[in-house]
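Coordinates from work_34.txt are shown below (compact mmCIF, C-alpha atoms).
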```txt
# COMPACT_ATOMS: atom_id res chain seq x y z
CA MET C 1 95.17 55.69 28.77
CA HIS C 2 92.91 58.52 27.58
CA LYS C 3 90.26 59.93 29.93
CA ALA C 4 87.11 61.82 29.01
CA GLY C 5 83.85 62.76 30.65
CA PHE C 6 81.06 65.23 31.30
CA VAL C 7 81.53 67.54 34.29
CA ASN C 8 78.19 69.22 34.88
CA ILE C 9 77.91 72.40 36.94
CA VAL C 10 74.63 72.90 38.83
CA GLY C 11 73.34 75.04 41.68
CA ASN C 12 71.07 77.93 42.58
CA PRO C 13 71.12 81.32 40.79
CA ASN C 14 73.92 83.82 41.47
CA VAL C 15 76.38 81.48 43.21
CA GLY C 16 79.05 81.92 40.50
CA LYS C 17 78.53 78.88 38.25
CA SER C 18 79.32 80.79 35.05
CA THR C 19 82.41 82.42 36.57
CA LEU C 20 83.62 78.98 37.65
CA MET C 21 82.91 77.52 34.21
CA ASN C 22 84.86 80.27 32.45
CA SER C 23 87.77 79.92 34.87
CA LEU C 24 87.95 76.15 34.37
CA VAL C 25 87.68 76.36 30.58
CA GLY C 26 90.03 79.32 30.30
CA GLU C 27 87.69 81.05 27.84
CA ARG C 28 84.68 83.33 28.21
CA ILE C 29 81.97 80.85 27.26
CA SER C 30 79.15 81.85 29.64
CA ILE C 31 77.61 85.25 30.37
CA ILE C 32 78.61 86.71 33.72
CA THR C 33 76.54 89.49 35.31
CA SER C 34 75.41 90.29 38.83
CA LYS C 35 71.79 89.58 37.87
CA ALA C 36 70.07 86.30 38.62
CA GLN C 37 68.89 83.93 35.87
CA THR C 38 71.57 85.10 33.45
CA THR C 39 72.22 81.63 32.01
CA ARG C 40 69.23 80.28 30.09
CA HIS C 41 70.75 77.36 28.19
CA ARG C 42 73.04 74.46 28.94
CA ILE C 43 76.40 75.55 27.56
CA MET C 44 79.35 73.22 27.07
CA GLY C 45 82.98 74.26 27.30
CA ILE C 46 85.59 71.67 26.29
CA VAL C 47 89.12 71.43 27.65
CA ASN C 48 91.58 69.16 25.82
CA THR C 49 94.99 67.86 26.79
CA GLU C 50 96.98 65.07 25.17
CA ASP C 51 95.51 62.39 27.43
CA MET C 52 92.25 64.02 28.60
CA GLN C 53 89.05 65.70 27.42
CA ILE C 54 86.87 67.46 30.01
CA VAL C 55 83.42 68.53 28.80
CA TYR C 56 82.07 71.12 31.23
CA SER C 57 78.39 72.12 31.21
CA ASP C 58 77.15 75.39 32.66
CA THR C 59 73.44 75.24 33.51
CA PRO C 60 70.74 77.73 34.52
CA GLY C 61 70.28 78.36 38.22
CA VAL C 62 67.67 76.11 39.81
CA LEU C 63 64.35 77.90 40.36
CA ASN C 64 60.62 77.34 40.75
CA PRO C 65 59.30 78.03 37.24
CA HIS C 66 56.57 80.62 36.70
CA TYR C 67 56.38 80.37 32.89
CA LYS C 68 57.45 78.00 30.08
CA LEU C 69 60.87 79.62 29.57
CA GLN C 70 61.75 78.90 33.22
CA GLU C 71 60.43 75.33 32.82
CA SER C 72 62.97 74.87 30.02
CA MET C 73 65.73 76.35 32.16
CA LEU C 74 64.89 73.88 34.94
CA ASN C 75 64.88 71.02 32.40
CA PHE C 76 68.45 71.92 31.42
CA SER C 77 69.48 71.76 35.08
CA GLN C 78 67.64 68.47 35.71
CA SER C 79 69.15 66.82 32.61
CA ALA C 80 72.62 67.76 33.84
CA LEU C 81 72.10 65.43 36.83
CA VAL C 82 71.38 62.44 34.62
CA ASP C 83 74.35 62.39 32.23
CA ALA C 84 77.16 63.60 34.51
CA ASP C 85 80.37 61.66 34.98
CA ILE C 86 81.23 64.19 37.69
CA LEU C 87 78.78 66.62 39.26
CA LEU C 88 79.96 70.02 40.47
CA TYR C 89 77.35 71.37 42.86
CA VAL C 90 78.16 75.05 43.37
CA THR C 91 77.02 77.03 46.37
CA ASP C 92 78.50 80.11 48.02
CA VAL C 93 79.05 81.56 51.48
CA ILE C 94 75.81 83.57 51.35
CA GLU C 95 73.11 80.99 50.64
CA THR C 96 72.09 78.43 53.24
CA PRO C 97 72.03 74.65 52.66
CA ASP C 98 68.26 74.50 53.17
CA LYS C 99 67.56 76.43 49.95
CA ASN C 100 65.94 74.32 47.21
CA PRO C 101 65.80 71.04 49.18
CA LYS C 102 64.03 69.11 46.39
CA PHE C 103 66.84 69.66 43.89
CA LEU C 104 69.42 68.91 46.58
CA GLU C 105 67.65 65.63 47.27
CA ASN C 106 67.96 64.76 43.57
CA VAL C 107 71.68 65.54 43.74
CA SER C 108 72.05 63.22 46.75
CA LYS C 109 70.58 60.33 44.72
CA GLN C 110 73.14 60.54 41.90
CA SER C 111 75.67 57.77 41.49
CA ALA C 112 78.27 60.07 39.89
CA PRO C 113 80.93 61.60 42.17
CA VAL C 114 79.80 64.95 43.61
CA LEU C 115 82.27 67.77 44.21
CA LEU C 116 80.54 70.46 46.28
CA VAL C 117 82.22 73.79 45.62
CA ILE C 118 81.68 76.48 48.26
CA ASN C 119 82.39 79.56 46.15
CA LYS C 120 83.24 83.15 47.19
CA ILE C 121 85.11 82.15 50.35
CA ASP C 122 87.08 85.40 50.03
CA LEU C 123 83.96 87.06 51.50
CA LEU C 124 84.30 85.19 54.81
CA GLN C 125 85.77 86.87 57.86
CA ASP C 126 87.43 83.87 59.51
CA GLN C 127 88.08 80.13 59.36
CA LYS C 128 85.36 79.30 61.88
CA GLN C 129 82.66 80.54 59.49
CA LEU C 130 84.01 78.26 56.77
CA GLU C 131 84.18 75.27 59.12
CA ALA C 132 80.54 75.81 60.13
CA LEU C 133 79.50 75.96 56.48
CA VAL C 134 81.43 72.79 55.64
CA ASP C 135 79.78 70.93 58.56
CA SER C 136 76.33 72.13 57.49
CA TRP C 137 76.82 71.01 53.89
CA LYS C 138 78.34 67.71 54.97
CA SER C 139 75.13 66.87 56.82
CA ARG C 140 73.11 67.65 53.68
CA LEU C 141 75.31 65.89 51.11
CA PRO C 142 77.41 63.36 53.05
CA GLN C 143 78.68 61.63 49.90
CA ALA C 144 80.08 64.86 48.42
CA GLU C 145 83.68 66.04 48.63
CA ILE C 146 83.56 69.66 49.79
CA ILE C 147 86.00 72.09 48.16
CA PRO C 148 86.14 75.73 49.33
CA ALA C 149 87.09 78.02 46.44
CA SER C 150 86.91 81.46 44.87
CA ALA C 151 86.20 81.29 41.13
CA GLN C 152 86.72 85.02 40.71
CA HIS C 153 90.15 84.95 42.36
CA LYS C 154 90.97 81.43 41.08
CA PHE C 155 91.64 80.24 44.64
CA ASN C 156 91.83 76.43 45.04
CA LEU C 157 90.91 75.82 41.39
CA ASP C 158 94.18 73.92 40.87
CA TYR C 159 93.05 71.38 43.46
CA LEU C 160 89.57 71.21 41.91
CA LEU C 161 91.09 70.54 38.49
CA ARG C 162 93.32 67.82 39.93
CA ARG C 163 90.34 66.06 41.52
CA ILE C 164 88.37 66.26 38.26
CA GLY C 165 91.31 64.69 36.41
CA GLU C 166 91.54 61.89 38.98
CA LEU C 167 87.80 61.15 38.85
CA LEU C 168 87.36 61.19 35.05
CA PRO C 169 86.66 57.72 33.61
CA PRO C 170 88.81 56.11 30.89
CA SER C 171 87.24 56.99 27.54
CA PRO C 172 88.07 58.17 24.03
CA PRO C 173 87.21 61.85 23.39
CA PHE C 174 83.57 62.74 22.71
CA PHE C 175 84.41 65.75 20.50
CA ASP C 176 87.24 66.70 18.15
CA LYS C 177 90.35 67.50 20.15
CA ASP C 178 90.40 71.08 18.85
CA ALA C 179 86.76 71.76 19.84
CA LEU C 180 86.04 74.48 22.40
CA THR C 181 82.25 74.14 22.66
CA ASP C 182 79.26 72.33 21.20
CA LYS C 183 77.52 75.61 20.32
CA PRO C 184 77.59 77.28 16.86
CA ALA C 185 78.98 80.76 16.27
CA ARG C 186 75.50 82.31 16.10
CA PHE C 187 74.77 81.18 19.67
CA PHE C 188 77.64 83.24 21.07
CA VAL C 189 76.51 86.28 19.12
CA THR C 190 73.06 86.04 20.76
CA GLU C 191 74.63 85.54 24.19
CA ILE C 192 76.92 88.56 23.83
CA ILE C 193 74.00 90.77 22.75
CA ARG C 194 71.86 89.41 25.59
CA GLU C 195 74.65 90.16 28.07
CA LYS C 196 74.69 93.80 26.93
CA ILE C 197 70.90 93.93 27.37
CA LEU C 198 71.29 92.59 30.91
CA THR C 199 73.87 95.23 31.82
CA THR C 200 72.13 98.15 30.05
CA TYR C 201 68.49 97.88 31.16
CA ASP C 202 66.86 97.59 34.59
CA LYS C 203 64.09 95.60 36.23
CA GLU C 204 62.02 93.29 34.01
CA ILE C 205 63.29 94.44 30.60
CA PRO C 206 66.29 92.02 30.28
CA TYR C 207 64.12 89.04 31.25
CA ALA C 208 61.49 89.94 28.64
CA CYS C 209 64.13 89.99 25.87
CA GLU C 210 65.36 87.22 23.61
CA VAL C 211 67.83 87.54 20.73
CA ALA C 212 67.79 85.74 17.38
CA VAL C 213 70.46 86.03 14.67
CA GLU C 214 68.68 86.36 11.33
CA GLN C 215 71.80 86.72 9.18
CA PHE C 216 75.44 85.73 9.71
CA LYS C 217 77.70 86.28 6.67
CA GLU C 218 81.42 85.71 7.18
CA ASP C 219 84.43 86.05 4.91
CA ASP C 220 88.16 86.11 5.57
CA SER C 221 88.24 89.63 6.99
CA GLN C 222 84.80 90.49 8.37
CA ILE C 223 81.39 89.30 9.55
CA HIS C 224 78.04 90.91 8.76
CA ILE C 225 75.38 90.13 11.38
CA MET C 226 71.72 91.03 11.49
CA ALA C 227 70.00 90.22 14.80
CA VAL C 228 66.54 90.78 16.24
CA ILE C 229 65.79 91.55 19.89
CA TYR C 230 62.35 90.18 20.76
CA VAL C 231 60.30 91.79 23.54
CA GLU C 232 56.80 91.02 24.86
CA ARG C 233 55.12 94.44 24.74
CA ASP C 234 55.16 97.65 22.70
CA SER C 235 56.17 99.65 25.78
CA GLN C 236 59.24 97.41 26.18
CA LYS C 237 60.17 97.99 22.55
CA GLY C 238 60.22 101.74 23.17
CA ILE C 239 62.47 101.33 26.21
CA VAL C 240 64.90 99.02 24.40
CA ILE C 241 65.21 101.41 21.45
CA GLY C 242 65.36 104.54 23.62
CA LYS C 243 64.89 108.16 22.59
CA GLY C 244 66.25 108.64 19.11
CA GLY C 245 67.54 105.05 19.15
CA LYS C 246 70.14 105.94 21.78
CA MET C 247 69.78 102.87 24.00
CA LEU C 248 69.76 100.36 21.11
CA LYS C 249 72.86 102.01 19.66
CA GLN C 250 74.57 101.70 23.05
CA VAL C 251 73.79 97.97 23.19
CA GLY C 252 74.92 97.48 19.59
CA THR C 253 78.23 99.30 20.06
CA ALA C 254 79.12 97.34 23.21
CA ALA C 255 78.06 94.03 21.65
CA ARG C 256 79.97 94.66 18.42
CA LYS C 257 83.23 95.26 20.32
CA ASP C 258 82.87 91.98 22.23
CA ILE C 259 81.85 90.05 19.10
CA GLU C 260 84.93 91.40 17.31
CA ALA C 261 87.11 90.28 20.21
CA PHE C 262 85.44 86.85 20.25
CA PHE C 263 85.88 86.18 16.51
CA GLU C 264 89.01 88.34 16.04
CA LYS C 265 87.46 89.95 12.97
CA LYS C 266 85.80 93.22 12.00
CA VAL C 267 82.04 93.02 12.61
CA PHE C 268 79.12 94.94 11.10
CA LEU C 269 76.15 94.52 13.43
CA GLU C 270 72.56 95.52 12.65
CA LEU C 271 70.05 95.32 15.51
CA TYR C 272 66.27 95.44 15.23
CA VAL C 273 63.54 95.17 17.89
CA LYS C 274 60.29 93.24 17.38
CA VAL C 275 57.31 92.53 19.63
CA GLU C 276 56.37 88.87 20.13
CA LYS C 277 53.61 88.94 22.73
CA ASP C 278 54.09 86.52 25.64
CA TRP C 279 56.96 84.66 23.90
CA ARG C 280 58.13 83.24 27.24
CA ASN C 281 54.99 81.08 27.32
CA LYS C 282 54.82 80.08 23.62
CA THR C 283 56.08 76.54 23.04
CA GLY C 284 56.72 77.01 19.31
CA LYS C 285 58.67 80.23 19.78
CA LEU C 286 60.72 78.80 22.65
CA LYS C 287 61.68 75.75 20.57
CA ALA C 288 62.72 78.08 17.73
CA PHE C 289 64.97 79.88 20.23
CA GLY C 290 66.58 76.53 21.15
CA TYR C 291 64.92 75.84 24.48
CA GLN C 292 64.28 72.31 25.75
CA LEU C 293 60.64 71.58 26.58
CA ASP C 294 58.95 68.36 27.69
```
Kindly transcribe the structure held in the file into structure tokens.
Amino acid sequence: MHKAGFVNIVGNPNVGKSTLMNSLVGERISIITSKAQTTRHRIMGIVNTEDMQIVYSDTPGVLNPHYKLQESMLNFSQSALVDADILLYVTDVIETPDKNPKFLENVSKQSAPVLLVINKIDLLQDQKQLEALVDSWKSRLPQAEIIPASAQHKFNLDYLLRRIGELLPPSPPFFDKDALTDKPARFFVTEIIREKILTTYDKEIPYACEVAVEQFKEDDSQIHIMAVIYVERDSQKGIVIGKGGKMLKQVGTAARKDIEAFFEKKVFLELYVKVEKDWRNKTGKLKAFGYQLD
């Protein structure tokens, strides 16, 4: 009997959803940084065995949207509640169960099994703290099975994987058995570049940036990529480029190394910066970037 299903990962920003996703998939599918709102899209990572296919979805952290881009991010998170065969609600030992009660209420209404992962338990001082957290979450989501874990240190992930395997419904595979993700190659190029932007610049700059791949030419030995970093203001463009192009070169060098590792090929990467005023609130531009809007 073959099993297959969608295991959707949801929760608030910065609780370790992307780290958990990458650990479960065994590949670096989602961006991981210490900054909130790193994940902007719903990203699938597919794990195949002979008798099982698990389709994981990493989703943006749940937030109260202030502009259209954040509305799209929330839509990705909301849609993950609807089509889940198993829901992984991820929290950590820092946030309290009363954060984002509206979304939590929506989780409590789902008919799919809920596995509530309390991440980062390596930060706790003693067992009593964990027991108090478990009791608090149990009162909020009584139908959920609570699983303490550490995604970074891979603690208790074996048990989590076993429970996912037990809960998956009988089904033929949804994707080819050699598939790793539903996203095209260009998507991972944009994500790698965006990750380098997040780790290179401070404050608002990373959140005002979006990346689009304009050209992706691949042959047997190398890939030639031309990508554009979009910003909202001329002043941001100057910061992203840096004096004498120093900052943009730094981003490009770091991104090229990771893209080469991802595709296992030599990469030629050209980066340009363009101003697209207020792109985070422009429906047409957001749709062109692949965001989901009502």
Problem set entry | Which residue of C:Lys177, C:Arg280, C:Lys246, C:Lys287 approaches C:Glu210 most closely, using only C-alpha atoms | C:Arg280
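The coordinates place atom CA of C:Val47 at 14.4 Å from atom CA of C:Asp158.
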For this session: For stretch 82-91 of chain C, list every protein, DNA or RNA residue within 8 Å, evaluated using all atoms listed in the file, and leave out those in the same chain fewer than 6 positions away; present the list as a VMD selection string.
Result: chain C and resid 5 to 12 15 to 17 110 112 to 119 164 167 to 169
For this session: Could you tell me how far atom CA of C:Glu27 lies from atom CA of C:Arg194, in Å and to one decimal?
Result: 18.0 Å
Problem set entry | Surrounding residues of C:Ile29 excluding itself and chain neighbours under 2 positions, 12 Å, all atoms listed in the file, as JSON, numbers by chain | {"C": [17, 18, 19, 20, 21, 22, 23, 24, 25, 26, 27, 31, 32, 39, 41, 42, 43, 44, 45, 46, 47, 56, 57, 58, 59, 180, 181, 182, 183, 184, 185, 187, 188, 189, 191, 192, 195, 262]}
For the residues in the current selection, export C-alpha atoms as a short mmCIF file (atom, residue, chain, number, x, y, z; two decimals), keeping the file's coordinate frame.
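As written to disk, result31.cif reads:
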```cif
data_model
loop_
_atom_site.label_atom_id
_atom_site.label_comp_id
_atom_site.auth_asym_id
_atom_site.auth_seq_id
_atom_site.Cartn_x
_atom_site.Cartn_y
_atom_site.Cartn_z
CA LYS C 17 78.53 78.88 38.25
CA SER C 18 79.32 80.79 35.05
CA THR C 19 82.41 82.42 36.57
CA LEU C 20 83.62 78.98 37.65
CA MET C 21 82.91 77.52 34.21
CA ASN C 22 84.86 80.27 32.45
CA SER C 23 87.77 79.92 34.87
CA LEU C 24 87.95 76.15 34.37
CA VAL C 25 87.68 76.36 30.58
CA GLY C 26 90.03 79.32 30.30
CA GLU C 27 87.69 81.05 27.84
CA ILE C 31 77.61 85.25 30.37
CA ILE C 32 78.61 86.71 33.72
CA THR C 39 72.22 81.63 32.01
CA HIS C 41 70.75 77.36 28.19
CA ARG C 42 73.04 74.46 28.94
CA ILE C 43 76.40 75.55 27.56
CA MET C 44 79.35 73.22 27.07
CA GLY C 45 82.98 74.26 27.30
CA ILE C 46 85.59 71.67 26.29
CA VAL C 47 89.12 71.43 27.65
CA TYR C 56 82.07 71.12 31.23
CA SER C 57 78.39 72.12 31.21
CA ASP C 58 77.15 75.39 32.66
CA THR C 59 73.44 75.24 33.51
CA LEU C 180 86.04 74.48 22.40
CA THR C 181 82.25 74.14 22.66
CA ASP C 182 79.26 72.33 21.20
CA LYS C 183 77.52 75.61 20.32
CA PRO C 184 77.59 77.28 16.86
CA ALA C 185 78.98 80.76 16.27
CA PHE C 187 74.77 81.18 19.67
CA PHE C 188 77.64 83.24 21.07
CA VAL C 189 76.51 86.28 19.12
CA GLU C 191 74.63 85.54 24.19
CA ILE C 192 76.92 88.56 23.83
CA GLU C 195 74.65 90.16 28.07
CA PHE C 262 85.44 86.85 20.25
#
```
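Here atom CA of C:Lys282 stands at a distance of 9.4 Å from atom CA of C:Tyr67.
Nearest to C:Asn75 of all the residues C:Val273, C:Gly244, C:Ala212, C:Pro60 is C:Pro60, counting only C-alpha atoms.
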Exercise. Got a sec: who's within 8 Å of stretch 234-238 of chain C, counting all atoms listed in the file, leaving out chain neighbours fewer than 4 positions off, as a ChimeraX atom specification?
Worked result: /C:205,242-243,273-275
Grab the residues selected above and save them as a PDB file, in the coordinates of the input with C-alpha atoms.
```
ATOM      1  CA  ILE C 205      63.290  94.440  30.600  1.00  0.00           C
ATOM      2  CA  GLY C 242      65.360 104.540  23.620  1.00  0.00           C
ATOM      3  CA  LYS C 243      64.890 108.160  22.590  1.00  0.00           C
ATOM      4  CA  VAL C 273      63.540  95.170  17.890  1.00  0.00           C
ATOM      5  CA  LYS C 274      60.290  93.240  17.380  1.00  0.00           C
ATOM      6  CA  VAL C 275      57.310  92.530  19.630  1.00  0.00           C
TER       7      VAL C 275
END
```
(77.1, 84.2, 15.7) in this file's frame - what residues fall within 12 Å of it? Use all atoms listed in the file and give the answer as a PDB file with C-alpha atoms, in the coordinates of the input.
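Below is the file point_11.pdb, written as the result:
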```pdb
ATOM      1  CA  LYS C 183      77.520  75.610  20.320  1.00  0.00           C
ATOM      2  CA  PRO C 184      77.590  77.280  16.860  1.00  0.00           C
ATOM      3  CA  ALA C 185      78.980  80.760  16.270  1.00  0.00           C
ATOM      4  CA  ARG C 186      75.500  82.310  16.100  1.00  0.00           C
ATOM      5  CA  PHE C 187      74.770  81.180  19.670  1.00  0.00           C
ATOM      6  CA  PHE C 188      77.640  83.240  21.070  1.00  0.00           C
ATOM      7  CA  VAL C 189      76.510  86.280  19.120  1.00  0.00           C
ATOM      8  CA  THR C 190      73.060  86.040  20.760  1.00  0.00           C
ATOM      9  CA  GLU C 191      74.630  85.540  24.190  1.00  0.00           C
ATOM     10  CA  ILE C 192      76.920  88.560  23.830  1.00  0.00           C
ATOM     11  CA  ILE C 193      74.000  90.770  22.750  1.00  0.00           C
ATOM     12  CA  VAL C 211      67.830  87.540  20.730  1.00  0.00           C
ATOM     13  CA  ALA C 212      67.790  85.740  17.380  1.00  0.00           C
ATOM     14  CA  VAL C 213      70.460  86.030  14.670  1.00  0.00           C
ATOM     15  CA  GLU C 214      68.680  86.360  11.330  1.00  0.00           C
ATOM     16  CA  GLN C 215      71.800  86.720   9.180  1.00  0.00           C
ATOM     17  CA  PHE C 216      75.440  85.730   9.710  1.00  0.00           C
ATOM     18  CA  LYS C 217      77.700  86.280   6.670  1.00  0.00           C
ATOM     19  CA  GLU C 218      81.420  85.710   7.180  1.00  0.00           C
ATOM     20  CA  ILE C 223      81.390  89.300   9.550  1.00  0.00           C
ATOM     21  CA  HIS C 224      78.040  90.910   8.760  1.00  0.00           C
ATOM     22  CA  ILE C 225      75.380  90.130  11.380  1.00  0.00           C
ATOM     23  CA  MET C 226      71.720  91.030  11.490  1.00  0.00           C
ATOM     24  CA  ALA C 227      70.000  90.220  14.800  1.00  0.00           C
ATOM     25  CA  ALA C 255      78.060  94.030  21.650  1.00  0.00           C
ATOM     26  CA  ARG C 256      79.970  94.660  18.420  1.00  0.00           C
ATOM     27  CA  ASP C 258      82.870  91.980  22.230  1.00  0.00           C
ATOM     28  CA  ILE C 259      81.850  90.050  19.100  1.00  0.00           C
ATOM     29  CA  GLU C 260      84.930  91.400  17.310  1.00  0.00           C
ATOM     30  CA  PHE C 262      85.440  86.850  20.250  1.00  0.00           C
ATOM     31  CA  PHE C 263      85.880  86.180  16.510  1.00  0.00           C
ATOM     32  CA  VAL C 267      82.040  93.020  12.610  1.00  0.00           C
ATOM     33  CA  PHE C 268      79.120  94.940  11.100  1.00  0.00           C
ATOM     34  CA  LEU C 269      76.150  94.520  13.430  1.00  0.00           C
TER      35      LEU C 269
END
```
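Shortest separation to C:Gln125 among C:Val93, C:Val228, C:Asp178, C:Gln70 occurs at residue C:Val93, atoms counted being all atoms listed in the file.
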Seminar exercise, completed: Judged by only C-alpha atoms, the minimum distance to C:Leu130 among C:Glu105, C:Glu71, C:Asp220, C:Asp92 is found for C:Asp92
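Distances from C:Gln53, C:Thr283, C:Thr38, C:Asn106 to C:Gln78 were compared using all atoms listed in the file, and the smallest one belongs to C:Asn106.
If you measure from each of C:Gln37, C:Gln143, C:Gln129, C:Ser72 to C:Ile94 using only C-alpha atoms, the closest one turns out to be C:Gln129.
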Problem set entry | Local residues around (59.8, 91.8, 24.6), at most 6 Å away, using only C-alpha atoms, as an NGL selection string | :C and (208-209 or 230-233 or 236 or 275)
Six-sided padding of 6 Å per side, axis-aligned box over stretch 24-39 of chain C, centre and edges in Å, one decimal, as AutoDock Vina command-line options:
```
--center_x 79.5 --center_y 83.2 --center_z 33.0 --size_x 33.1 --size_y 26.1 --size_z 23.6
```
